Amino acid sequence: MTLYLLAILLAALSGVPGAFAKKNGSRIAAVLMVASAIVGISAAALVLFGGMGSSLQIPATVLVSWGLVSFDPIAAFFLIPVLLLSMTASIYGVGYWEDHQEGARTVRLFLGLLAAFLALLVGATHAFIFLLAWEGMALMAFILVMTEDREPGTRRAAWIYLVCTHTGTLLLLGAFALMAGATGNFAFSVLPQGFASSEKGTAMFVLFLLGFGFKAGVLPLHFWLPPAHAAAPSHVSSVMSGVLIKMGILGFVRLASWVPDPPTWWGGILVVLGAISGIMGVAMALGQHDLKRLLAYHSIENIGIILLGLGLGLIGKSTGQPALQVLGFAGALLHVLNHSLFKGLLFLAAGSVVHATGTRDLERMGGLGRLMPKTSAAFLVGAWAICGLPPLNGFVSEWLIYLGAFRGLVMTRWWFSLITLGALAVIGALALACFTKAYGVVFQVNLEVKRLAKPMKLLRACWRRWVF
């Protein structure tokens, strides 16, 4: 717990010296963020691998002694991608956003505060602290998206994001009020038996589903996500896609731990929404010509994959199937970590491309593999992982969800598993097609060849019309 709180403090302070330093401000921020990541990830390792999570106490600390914060295994697991992505974004920002550039100090300051609020959110065990960190995270992200506010599209994207996230906060406030009515206080605790199946329990689930769904970008609540991810600086986009939208998943995981007897239809709703989000997300990505918007739609796709796993886990908990519960939740949680790694890599590689070419338009790129071989290799690794191809990490987490779906085929409610299997197969095929196109267009196909393609298509059409 001491290391956890120290990591939050270091992250919050990382951008303060850089906000006033005229030189080397970005390097100071990066060093402090690296220190925060080392301390925080060490604390998470102690909890996850040392079994020390339940025994760590600091009675003198107000947040802990009042029961507002707890560094349990769920918090430890989600803290790893939060600090890892924040650290890499801060290091990346040293070269991406020079000290003399307008907005550089703002980005450093609020990126550190965003990381601190994210880290505080994962350990919140009281509705007050949870909503405080939730709103702090939302406001910091709004300011970061608004960095290049001279562009009308940037301002529009930032305000849409702010309205959506505040709408989600209001929905969560109502859900926590219903939960407090059942437990007697706003501290996070196990709900009474039978409450989930009651009318108030159903209303609570619907409010949580909408509130967390807005943050996670679940269809049809996704409309803020593509413009916000495209408008933000690329290293900020990596944090938003890699960890910020995962706070909605954190909420679903916490909800699953509070309910001892969830109705089966809860898991079914998550499976159906996961299938829709996954398939529609990757389908919309296929039609994009903006590199960052393409990656943003793939965030929706991967949120769908995570929801498929969570839905199977909830169904396993409802029906008393431990194997299905373990495979579903394990696949979903592992994909949370895996997606943060390969999506962070993809956004940082895309940022290098945008920084070098000055455009996000795929039609104006081509043949960059020879000029940017390291970026090309990094993007290829990320694309391979996000398509779920072996032997990289994306395959492992999706394979666990596949195993859970196959396990569920022997149950009476086998159609949930059939939806999961079909959705995963379609998502994988479309993702492979999309990233084959994206990687080929950006790094392999020569720009002159692309320019010749349009006249050749015109000549071919004229030839066919004349002959036939």
# chains A, B, ... in the order shown; residues from 1 in each chain; ligands from 1
$ residues_around --residues "range 129-134 of chain A" --least-positions-apart "5" --cutoff "9 Å" --atoms "only C-alpha atoms" --output "PyMOL selection string"
chain A and resi 68-69+116-124+139+169+172-173+247
$ residues_around --residues "Thr183 in chain A" --least-positions-apart "4" --cutoff "12 Å" --atoms "only C-alpha atoms" --output "list in words"
Phe176, Ala177, Leu178, Met179, Ala187, Phe188, Ser189, Val190, Leu191, Pro192, Gln193, Phe195, Gly201, Trp258 and Val259 of chain A
$ write_last_selection --atoms "N, CA and C atoms" --output "mmCIF file, in the first residue's frame"
data_model
loop_
_atom_site.group_PDB
_atom_site.id
_atom_site.type_symbol
_atom_site.label_atom_id
_atom_site.label_comp_id
_atom_site.auth_asym_id
_atom_site.auth_seq_id
_atom_site.Cartn_x
_atom_site.Cartn_y
_atom_site.Cartn_z
ATOM 1 N N PHE A 176 -24.827 3.752 -7.978
ATOM 2 C CA PHE A 176 -24.250 3.647 -6.637
ATOM 3 C C PHE A 176 -25.287 3.942 -5.557
ATOM 4 N N ALA A 177 -26.237 4.842 -5.848
ATOM 5 C CA ALA A 177 -27.296 5.118 -4.879
ATOM 6 C C ALA A 177 -28.166 3.886 -4.659
ATOM 7 N N LEU A 178 -28.507 3.181 -5.727
ATOM 8 C CA LEU A 178 -29.285 1.949 -5.582
ATOM 9 C C LEU A 178 -28.495 0.884 -4.829
ATOM 10 N N MET A 179 -27.197 0.805 -5.116
ATOM 11 C CA MET A 179 -26.368 -0.176 -4.414
ATOM 12 C C MET A 179 -26.256 0.163 -2.937
ATOM 13 N N ALA A 187 -19.716 2.240 0.660
ATOM 14 C CA ALA A 187 -18.506 1.442 0.523
ATOM 15 C C ALA A 187 -18.800 0.221 -0.348
ATOM 16 N N PHE A 188 -17.796 -0.206 -1.112
ATOM 17 C CA PHE A 188 -17.996 -1.347 -1.994
ATOM 18 C C PHE A 188 -18.012 -2.631 -1.167
ATOM 19 N N SER A 189 -19.100 -3.375 -1.252
ATOM 20 C CA SER A 189 -19.230 -4.631 -0.520
ATOM 21 C C SER A 189 -20.155 -5.550 -1.284
ATOM 22 N N VAL A 190 -20.208 -6.810 -0.854
ATOM 23 C CA VAL A 190 -21.029 -7.804 -1.537
ATOM 24 C C VAL A 190 -22.504 -7.485 -1.328
ATOM 25 N N LEU A 191 -23.267 -7.545 -2.393
ATOM 26 C CA LEU A 191 -24.701 -7.267 -2.335
ATOM 27 C C LEU A 191 -25.453 -8.444 -1.724
ATOM 28 N N PRO A 192 -26.612 -8.200 -1.133
ATOM 29 C CA PRO A 192 -27.391 -9.290 -0.535
ATOM 30 C C PRO A 192 -27.856 -10.295 -1.587
ATOM 31 N N GLN A 193 -28.043 -11.535 -1.135
ATOM 32 C CA GLN A 193 -28.567 -12.564 -2.021
ATOM 33 C C GLN A 193 -29.953 -12.160 -2.530
ATOM 34 N N PHE A 195 -30.792 -9.724 -4.494
ATOM 35 C CA PHE A 195 -30.985 -8.330 -4.888
ATOM 36 C C PHE A 195 -30.823 -8.153 -6.396
ATOM 37 N N GLY A 201 -32.355 -4.220 -8.460
ATOM 38 C CA GLY A 201 -31.115 -4.817 -8.968
ATOM 39 C C GLY A 201 -31.015 -4.703 -10.475
ATOM 40 N N TRP A 258 -19.095 -7.943 -6.824
ATOM 41 C CA TRP A 258 -20.043 -7.536 -5.788
ATOM 42 C C TRP A 258 -21.293 -8.412 -5.756
ATOM 43 N N VAL A 259 -21.611 -9.051 -6.862
ATOM 44 C CA VAL A 259 -22.888 -9.767 -6.983
ATOM 45 C C VAL A 259 -22.653 -11.267 -6.795
#
$ closest_residue --among "A:Ala377, A:Leu83, A:Ala332, A:Ile276" --to "Trp399 in chain A" --atoms "only C-alpha atoms"
A:Ala332
$ residues_around --residues "Leu333 in chain A" --least-positions-apart "3" --cutoff "12 Å" --atoms "only C-alpha atoms" --output "NGL selection string"
:A and (73-74 or 77-78 or 81 or 246 or 249-250 or 252-253 or 302-303 or 305-310 or 313 or 326-330 or 336-340 or 394 or 396-398 or 400-401)
$ select_by_dssp --residues "range 220-308 of chain A" --states "helix (DSSP H, G or I)" --output "PyMOL selection string"
chain A and resi 225-231+234-244+246-258+264-286+291-308
$ residues_around --residues "Arg407 in chain A" --least-positions-apart "2" --cutoff "12 Å" --atoms "only C-alpha atoms" --output "ChimeraX atom specification"
/A:312-313,315-316,321-328,400-405,409-418,420-421
$ closest_residue --among "A:Ala431, A:Ala138, A:Leu244, A:Leu113" --to "Leu13 in chain A" --atoms "only C-alpha atoms"
A:Leu113
$ closest_residue --among "A:Phe406, A:Tyr4, A:Phe214, A:Phe71" --to "Ile41 in chain A" --atoms "only C-alpha atoms"
A:Tyr4
$ closest_residue --among "A:Val282, A:Leu221, A:Ala115, A:Ala44" --to "Ile160 in chain A" --atoms "only C-alpha atoms"
A:Leu221
$ atom_distance --atom1 "CA of Glu199 in chain A" --atom2 "CA of Ala175 in chain A"
12.7 Å
$ closest_residue --among "A:Leu10, A:Ile300, A:Val145, A:Val16" --to "Ala285 in chain A" --atoms "only C-alpha atoms"
A:Ile300
$ closest_residue --among "A:Leu430, A:Val31, A:Ala350, A:Cys387" --to "Phe443 in chain A" --atoms "only C-alpha atoms"
A:Ala350
